[in-house]
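Asker: Quick one: the structure is below, and I'll ask about it shortly.
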Amino acid sequence: LGQQDGMTYLRLEMDGWYEHQYVFENGMLKLGFTAPKNIYDRIVVLDAACGGRDTGHTAGDMQEKDVTLDLALRVKERLEAAGIRTYCTRTDDTNPSVGQRAAFANQINADLCIGICLAADETNDMVYGIQTYYNPQYFIPDLGNTELADLLERETVTAVGGKANGLFAAGEKDALLQELQIPSAVIEVGFLTNEREIALLASDEYRDSLADGIASAVKKAYAIKEEGKQ
């Protein structure tokens with residue numbers, strides 16, 4: 001608690017992630033905190049790869065960290081408009097650790113976590129397309145990681161009229177997928193070593209189409225989950 005320039009500042013130390021509500025009346029500030037699941041029926045976490053000093057793959061002035069964040073924010077806008085509460089592991093040029101990203105999604109008790117990345121093939125600049133990764137060791141009836149990854153790739157490829165490279169089981173390097181305890185998948189939306197995809201990824205229209213595809217996959221995932229509960 002402190003004061004500066006006529007303002008009062010509160011510093012709160014939290015033991016998790018909460019939604020807050022406040023009321024200020026009669027000179028009194030009342031704060032309330034609750035778990036997101038107590039407010040929202042549908043919660044998704046989007047993880048934009050890289051950030052900060054980790055630029056990810058690059059092609060000229062294009063950096064993976066910027067593209068993934070831009071896409072995550074576009075998907076968030078679409079999901080929020082559909083009534084799906086959407087959190088991002090980062091909303092600016094920062095780089096939370098893998099542990100922090102996974103802990104956020106797990107502790108917030110999200111229904112799904114979608115990672116957004118770019119790919120590169122330094123040995124063959126003709127390689128292009130969209131591919132997804134999943135953790136095959138984690139299974140949930142109705143909608144497991146395999147089903148989510150397949151849905152994510154199909155919807156995104158359809159939205160952009162692109163090429164599907166298929167599904168890949170996560171390896172040891174895919175630490176985020178190994179640590180997540182909820183249905184999750186990571187989608188690589190293009191190769192920054194392919195000139196055609198570099199040009200497409202620079203386009204707002206193409207990024208909108210990618211965001212449409214990812215958002216469509218999430219909406220269909222909820223339809224599958226809800227149908228399974230009936």
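Residues are referred to by chain and number: the chain letter is A, B, ... according to the order shown in the structure tokens, the number counts from 1 in that chain, and ligands are numbered separately from 1 in the order shown.
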List every residue of segment 98-163 of chain A that has an atom at most 6 Å from any atom of segment 199-213 of chain A, giving for each one its closest atom pair and the distance in Å to one decimal, counting only C-alpha atoms, sorted by chain and then by ascending residue number, as a tab-separated table.

Answerer:
```
residue	atom	partner	partner_atom	distance
A:Glu155	CA	A:Gly213	CA	5.0
A:Thr156	CA	A:Gly213	CA	3.9
A:Ala159	CA	A:Gly213	CA	5.0
A:Val160	CA	A:Ser209	CA	5.6
```

Asker: Using only C-alpha atoms, which residues of segment 50-108 of chain A come within 7 Å of segment 34-42 of chain A, and what is the closest atom pair for each, with the distance in Å to one decimal? Give it as JSON lines, sorted by chain and residue number.

Answerer:
```
{"residue": "A:Ile84", "atom": "CA", "partner": "A:Arg42", "partner_atom": "CA", "distance": 5.3}
{"residue": "A:Arg85", "atom": "CA", "partner": "A:Arg42", "partner_atom": "CA", "distance": 6.1}
{"residue": "A:Ile108", "atom": "CA", "partner": "A:Pro36", "partner_atom": "CA", "distance": 6.8}
```

Asker: Need to verify the contact set: Arg53 of chain A, 9 Å, only C-alpha atoms, exclusion of same-chain residues closer than 6 positions in sequence. Can you return it as a PyMOL selection string?

Answerer: chain A and resi 93-95

Asker: Run DSSP on the backbone of this structure and report the residues of segment 69-141 of chain A it assigns to helix (DSSP H, G or I), as a PyMOL selection string.

Answerer: chain A and resi 69-81+98-107

Asker: Tell me which protein, DNA and RNA residues are within 9 Å of Leu152 of chain A, counting only C-alpha atoms, leaving out same-chain ones fewer than 6 positions away, and put them as a PDB file with N, CA and C atoms, in the first residue's frame.

Answerer:
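Dumped to around-v5.pdb:
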```
ATOM      1  N   ILE A 114      -4.337 -23.835 -26.977  1.00  0.00           N
ATOM      2  CA  ILE A 114      -3.871 -23.876 -28.362  1.00  0.00           C
ATOM      3  C   ILE A 114      -2.580 -23.079 -28.469  1.00  0.00           C
ATOM      4  N   THR A 132       0.357 -29.859 -37.130  1.00  0.00           N
ATOM      5  CA  THR A 132       0.011 -29.736 -35.709  1.00  0.00           C
ATOM      6  C   THR A 132       0.709 -30.810 -34.891  1.00  0.00           C
ATOM      7  N   ALA A 185      -3.030 -28.616 -28.178  1.00  0.00           N
ATOM      8  CA  ALA A 185      -2.343 -28.890 -29.441  1.00  0.00           C
ATOM      9  C   ALA A 185      -1.588 -27.637 -29.843  1.00  0.00           C
ATOM     10  N   VAL A 186      -0.537 -27.821 -30.614  1.00  0.00           N
ATOM     11  CA  VAL A 186       0.239 -26.701 -31.140  1.00  0.00           C
ATOM     12  C   VAL A 186       0.158 -26.744 -32.656  1.00  0.00           C
ATOM     13  N   ILE A 187      -0.186 -25.615 -33.254  1.00  0.00           N
ATOM     14  CA  ILE A 187      -0.287 -25.547 -34.705  1.00  0.00           C
ATOM     15  C   ILE A 187       0.824 -24.664 -35.258  1.00  0.00           C
ATOM     16  N   GLY A 213      -9.828 -19.930 -39.070  1.00  0.00           N
ATOM     17  CA  GLY A 213      -9.722 -21.381 -39.011  1.00  0.00           C
ATOM     18  C   GLY A 213      -9.482 -21.889 -37.606  1.00  0.00           C
ATOM     19  N   ILE A 214      -8.578 -21.242 -36.878  1.00  0.00           N
ATOM     20  CA  ILE A 214      -8.296 -21.660 -35.503  1.00  0.00           C
ATOM     21  C   ILE A 214      -9.526 -21.476 -34.631  1.00  0.00           C
ATOM     22  N   ALA A 215     -10.193 -20.335 -34.789  1.00  0.00           N
ATOM     23  CA  ALA A 215     -11.402 -20.084 -33.997  1.00  0.00           C
ATOM     24  C   ALA A 215     -12.505 -21.091 -34.323  1.00  0.00           C
ATOM     25  N   SER A 216     -12.631 -21.436 -35.597  1.00  0.00           N
ATOM     26  CA  SER A 216     -13.634 -22.424 -36.001  1.00  0.00           C
ATOM     27  C   SER A 216     -13.359 -23.772 -35.347  1.00  0.00           C
ATOM     28  N   ALA A 217     -12.090 -24.159 -35.279  1.00  0.00           N
ATOM     29  CA  ALA A 217     -11.729 -25.429 -34.647  1.00  0.00           C
ATOM     30  C   ALA A 217     -12.116 -25.431 -33.178  1.00  0.00           C
ATOM     31  N   VAL A 218     -11.870 -24.328 -32.493  1.00  0.00           N
ATOM     32  CA  VAL A 218     -12.224 -24.239 -31.066  1.00  0.00           C
ATOM     33  C   VAL A 218     -13.734 -24.346 -30.888  1.00  0.00           C
ATOM     34  N   ALA A 221     -14.756 -27.845 -31.374  1.00  0.00           N
ATOM     35  CA  ALA A 221     -14.314 -28.655 -30.239  1.00  0.00           C
ATOM     36  C   ALA A 221     -15.330 -28.577 -29.106  1.00  0.00           C
TER      37      ALA A 221
END
```

Asker: Between A:Leu176, A:Met28, A:Ile224, A:Ile182, which has the minimum distance to Gly99 of chain A (counting only C-alpha atoms)?

Answerer: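 For Gly99 of chain A, the nearest of the given residues is A:Leu176.
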
Asker: Contacts between segment 118-129 of chain A and segment 51-105 of chain A, please, where a residue of segment 51-105 of chain A counts if it comes within 12 Å (with only C-alpha atoms); show its shortest atom pair and distance in Å to one decimal, rows by chain and ascending number, as a Markdown table.

Answerer:
```
| residue | atom | partner | partner_atom | distance |
| --- | --- | --- | --- | --- |
| A:Thr55 | CA | A:Leu118 | CA | 11.1 |
| A:Gly56 | CA | A:Leu118 | CA | 8.2 |
| A:His57 | CA | A:Ala120 | CA | 6.8 |
| A:Thr58 | CA | A:Ala120 | CA | 8.9 |
| A:Ala59 | CA | A:Ala120 | CA | 9.8 |
| A:Met62 | CA | A:Leu118 | CA | 11.2 |
| A:Gln63 | CA | A:Leu118 | CA | 9.5 |
| A:Glu64 | CA | A:Leu118 | CA | 6.2 |
| A:Lys65 | CA | A:Leu118 | CA | 8.9 |
| A:Asp66 | CA | A:Leu118 | CA | 10.6 |
| A:Val67 | CA | A:Leu118 | CA | 8.3 |
| A:Thr68 | CA | A:Leu118 | CA | 7.5 |
| A:Leu69 | CA | A:Leu118 | CA | 11.2 |
| A:Leu71 | CA | A:Leu118 | CA | 11.0 |
```
